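Take a look at the structure below.
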Amino acid sequence: KESDKVICVSTHTLDELKKIDSNKLSKFQFIPNGVDINTYKPIKIDRDRFLKEKFNIDVKNKIVLLYIGRLEYGKGVNILSGVVSEMEDIALLLVGDGPEKENLQKNNNVMCLGYVNDAEIKNKILNSVDIFVFASLYENFPSVICEAMAARLPILSTKVGMVPELLGNREEVLVSTNNVAEFRDKLINLINDEGLRKKESRLNYEYAKNNLDWKKVADEYLHLYNNLVNN
């Protein structure tokens, strides 16, 4: 109540706050999360060698999917495990830790890499996979989506928080929450359609570069601050 401005990192949150207090719409402003495009970026890498040497896993001749985040029910990791459980030649890499880890490791298509804090290693992992997958039940503005976009990855995600807007509301890569069958169908379509993967990779990278670079986001905060100070 005492603040001059309330910054929302997603339009989803902005809309929710407007519903709560429509009389103070001018207090609410959207400024997105950002990503360091000098850290998370496309690089050339021998993925089979890197993943074998760093994590002792073999993904040769497999379609490799990646999820980064906490391994808990609300993040939809059980849905992802269910999606790939009956798919041949698929490897789902999970970067993170959490209470569902033990159950997830029972799936032969799932490989848990543990928590990765090093940004350089994370970027190498991002550049070692074919598709980034995200099945969370609720989100605001997940930074891992920004990182995957900056690394030029195609992304398949549930319709949560800011994600649909980030992905241009393109139905080919957006899935209803808690729907294994729909997720599997759209994943198979993305795997089989090389042209779609290339298009999604390009659009994601361009959006991250043009809209989510931390330098651009910082300028928006500085502009807002100067306006508040000078008025």
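Note on naming: chains are A, B, ... as they come in the structure tokens, residues start from 1 per chain, ligands start from 1 in the order shown.
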task: Quick one: pick out all alpha helix (DSSP H) residues within stretch 41-208 of chain A from a backbone DSSP run and write them as number ranges by chain.
output: A: 47-55, 77-84, 101-104, 119-126, 143-150, 163-166, 180-192, 194-207
For the residues in the current selection, export C-alpha atoms as a compact mmCIF listing (two decimals), in the first residue's frame.
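Below is the file that was written, out.txt:
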# COMPACT_ATOMS: atom_id res chain seq x y z
CA ARG A 47 27.28 -33.77 -26.59
CA ASP A 48 27.87 -37.54 -26.38
CA ARG A 49 31.41 -36.99 -25.12
CA PHE A 50 30.47 -34.16 -22.75
CA LEU A 51 27.58 -36.00 -21.10
CA LYS A 52 29.59 -39.21 -20.82
CA GLU A 53 32.64 -37.56 -19.29
CA LYS A 54 30.76 -35.13 -17.02
CA PHE A 55 27.78 -37.23 -15.90
CA VAL A 77 8.12 -34.00 -13.31
CA ASN A 78 5.86 -37.01 -12.80
CA ILE A 79 4.00 -36.00 -15.95
CA LEU A 80 7.26 -35.81 -17.89
CA SER A 81 8.25 -39.24 -16.61
CA GLY A 82 4.90 -40.63 -17.68
CA VAL A 83 5.21 -39.04 -21.12
CA VAL A 84 8.56 -40.71 -21.92
CA LYS A 101 14.02 -38.02 -7.45
CA GLU A 102 13.96 -41.61 -6.19
CA ASN A 103 10.71 -42.42 -7.99
CA LEU A 104 11.83 -40.74 -11.19
CA ALA A 119 26.20 -21.48 -15.38
CA GLU A 120 28.83 -22.59 -17.92
CA ILE A 121 28.07 -26.26 -17.27
CA LYS A 122 24.34 -25.56 -17.43
CA ASN A 123 24.76 -23.87 -20.80
CA LYS A 124 26.70 -26.89 -22.06
CA ILE A 125 23.84 -29.13 -20.94
CA LEU A 126 21.33 -26.90 -22.71
CA SER A 143 13.91 -18.26 -15.61
CA VAL A 144 14.84 -21.66 -17.06
CA ILE A 145 12.53 -20.95 -19.99
CA CYS A 146 14.52 -17.78 -20.73
CA GLU A 147 17.78 -19.72 -20.55
CA ALA A 148 16.50 -22.39 -22.93
CA MET A 149 15.30 -19.72 -25.34
CA ALA A 150 18.67 -17.96 -25.26
CA VAL A 163 5.19 -19.04 -20.67
CA PRO A 164 2.43 -18.87 -23.33
CA GLU A 165 3.31 -15.24 -24.05
CA LEU A 166 7.02 -16.04 -24.21
CA VAL A 180 0.07 -36.71 -20.20
CA ALA A 181 -1.65 -37.73 -23.44
CA GLU A 182 -1.63 -34.22 -24.93
CA PHE A 183 1.96 -33.65 -23.86
CA ARG A 184 3.04 -36.92 -25.47
CA ASP A 185 1.18 -36.19 -28.72
CA LYS A 186 2.69 -32.72 -29.09
CA LEU A 187 6.13 -34.00 -28.14
CA ILE A 188 5.97 -36.71 -30.80
CA ASN A 189 4.86 -34.11 -33.34
CA LEU A 190 7.76 -31.84 -32.39
CA ILE A 191 10.24 -34.72 -32.60
CA ASN A 192 9.00 -35.80 -36.03
CA GLU A 194 12.28 -31.01 -38.03
CA GLY A 195 10.98 -27.85 -39.68
CA LEU A 196 8.86 -27.04 -36.63
CA ARG A 197 11.82 -27.58 -34.29
CA LYS A 198 14.00 -25.27 -36.35
CA LYS A 199 11.27 -22.62 -36.47
CA GLU A 200 10.71 -22.80 -32.71
CA SER A 201 14.45 -22.62 -32.04
CA ARG A 202 14.76 -19.50 -34.16
CA LEU A 203 11.71 -17.75 -32.73
CA ASN A 204 12.73 -18.51 -29.15
CA TYR A 205 16.26 -17.24 -29.68
CA GLU A 206 15.10 -14.06 -31.40
CA TYR A 207 12.59 -13.30 -28.64
Strand (DSSP E) call set, DSSP backbone run, stretch 5-227 of chain A, as a PyMOL selection string: chain A and resi 6-8+28-30+63-68+90-95+110-114+131-134+155-158+174-175
query: What's the 8 Å shell around A:Cys112, counting only C-alpha atoms, without same-chain residues fewer than 3 positions away, as a list of chain:residue names?
result: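 Everything that qualifies: A:Leu93, A:Leu94, A:Val95, A:Gly96, A:Lys101, A:Gln105.
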query: Suppose you want the space between atom CA of A:Trp214 and atom CA of A:Val35; what is it in Å?
result: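 These atoms are spaced 5.4 Å apart.
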task: Just the residues within 12 Å of A:Asp219, please, counting only C-alpha atoms, with nothing from its chain fewer than 6 positions along; format it as JSON, numbers by chain.
output: {"A": [31, 32, 34, 211, 212, 213, 225, 226]}
Store the residues picked out above in a file with all heavy atoms, as a JSON list (two decimals), in the first residue's frame.
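In the end it all went to part00.json:
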[["chain", "number", "residue", "atom", "x", "y", "z"],
["A", 31, "ILE", "N", 7.58, -5.55, -15.92],
["A", 31, "ILE", "CA", 8.95, -5.58, -16.44],
["A", 31, "ILE", "C", 9.39, -7.04, -16.35],
["A", 31, "ILE", "O", 9.36, -7.63, -15.27],
["A", 31, "ILE", "CB", 9.92, -4.69, -15.64],
["A", 31, "ILE", "CG1", 9.48, -3.22, -15.72],
["A", 31, "ILE", "CG2", 11.34, -4.83, -16.19],
["A", 31, "ILE", "CD1", 10.38, -2.27, -14.94],
["A", 32, "PRO", "N", 9.77, -7.66, -17.44],
["A", 32, "PRO", "CA", 10.04, -9.11, -17.43],
["A", 32, "PRO", "C", 11.32, -9.48, -16.71],
["A", 32, "PRO", "O", 12.20, -8.64, -16.48],
["A", 32, "PRO", "CB", 10.15, -9.45, -18.92],
["A", 32, "PRO", "CG", 10.67, -8.19, -19.54],
["A", 32, "PRO", "CD", 10.00, -7.06, -18.77],
["A", 34, "GLY", "N", 14.92, -11.35, -16.91],
["A", 34, "GLY", "CA", 15.88, -11.32, -18.01],
["A", 34, "GLY", "C", 16.78, -12.53, -18.02],
["A", 34, "GLY", "O", 16.68, -13.42, -17.17],
["A", 211, "ASN", "N", 14.16, -9.20, -26.38],
["A", 211, "ASN", "CA", 13.28, -8.77, -25.30],
["A", 211, "ASN", "C", 13.76, -9.10, -23.89],
["A", 211, "ASN", "O", 13.32, -8.44, -22.94],
["A", 211, "ASN", "CB", 11.90, -9.40, -25.48],
["A", 211, "ASN", "CG", 11.23, -8.99, -26.78],
["A", 211, "ASN", "OD1", 10.69, -7.90, -26.90],
["A", 211, "ASN", "ND2", 11.28, -9.88, -27.76],
["A", 212, "LEU", "N", 14.64, -10.09, -23.73],
["A", 212, "LEU", "CA", 14.96, -10.57, -22.40],
["A", 212, "LEU", "C", 16.40, -10.35, -21.96],
["A", 212, "LEU", "O", 16.79, -10.76, -20.86],
["A", 212, "LEU", "CB", 14.64, -12.08, -22.30],
["A", 212, "LEU", "CG", 13.19, -12.47, -22.65],
["A", 212, "LEU", "CD1", 13.03, -13.98, -22.58],
["A", 212, "LEU", "CD2", 12.20, -11.79, -21.72],
["A", 213, "ASP", "N", 17.20, -9.72, -22.79],
["A", 213, "ASP", "CA", 18.59, -9.42, -22.42],
["A", 213, "ASP", "C", 18.58, -8.56, -21.15],
["A", 213, "ASP", "O", 17.88, -7.55, -21.07],
["A", 213, "ASP", "CB", 19.26, -8.68, -23.57],
["A", 213, "ASP", "CG", 20.72, -8.34, -23.28],
["A", 213, "ASP", "OD1", 21.23, -8.77, -22.22],
["A", 213, "ASP", "OD2", 21.35, -7.66, -24.10],
["A", 225, "TYR", "N", 12.88, 4.13, -12.34],
["A", 225, "TYR", "CA", 13.43, 4.76, -11.14],
["A", 225, "TYR", "C", 13.60, 6.27, -11.36],
["A", 225, "TYR", "O", 13.22, 7.09, -10.51],
["A", 225, "TYR", "CB", 14.77, 4.13, -10.79],
["A", 225, "TYR", "CG", 15.47, 4.81, -9.65],
["A", 225, "TYR", "CD1", 15.08, 4.58, -8.33],
["A", 225, "TYR", "CD2", 16.54, 5.67, -9.89],
["A", 225, "TYR", "CE1", 15.72, 5.21, -7.26],
["A", 225, "TYR", "CE2", 17.19, 6.30, -8.83],
["A", 225, "TYR", "CZ", 16.78, 6.08, -7.54],
["A", 225, "TYR", "OH", 17.41, 6.69, -6.49],
["A", 226, "ASN", "N", 14.17, 6.65, -12.50],
["A", 226, "ASN", "CA", 14.38, 8.07, -12.78],
["A", 226, "ASN", "C", 13.07, 8.84, -12.85],
["A", 226, "ASN", "O", 12.97, 9.98, -12.39],
["A", 226, "ASN", "CB", 15.16, 8.23, -14.07],
["A", 226, "ASN", "CG", 16.62, 7.86, -13.93],
["A", 226, "ASN", "OD1", 17.19, 7.98, -12.84],
["A", 226, "ASN", "ND2", 17.23, 7.40, -15.01]]
- line: Between A:Asn140, A:Leu153, A:Ile37, A:Asp193, smallest distance to A:Glu172 by only C-alpha atoms belongs to A:Asp193
Selected residue of minimal separation from A:Asn61 among A:Asp89, A:Glu16, A:Asp36, A:Glu171, counting only C-alpha atoms: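 Going through A:Asp89, A:Glu16, A:Asp36, A:Glu171 one by one, the smallest distance to A:Asn61 is for A:Asp89.
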message: Please determine, counting only C-alpha atoms, which residue among A:Asn33, A:Asn109, A:Ser157, A:Ser3 has the shortest atom-to-atom distance to A:Glu86.
response: A:Asn109
message: From the options A:Asn178, A:Asn38, A:Gln29, A:Ser10, which residue's atoms come nearest to A:Ala208, counting only C-alpha atoms?
response: A:Asn38
task: May I ask for the distance between atom CA of A:Ile131 and atom CA of A:Ile155, given in Å to one decimal place?
output: 5.9 Å
Top pick for closest residue to A:Phe134, considering A:Asn56, A:Ser26, A:Ser176, A:Asn210 and counting only C-alpha atoms: A:Ser176
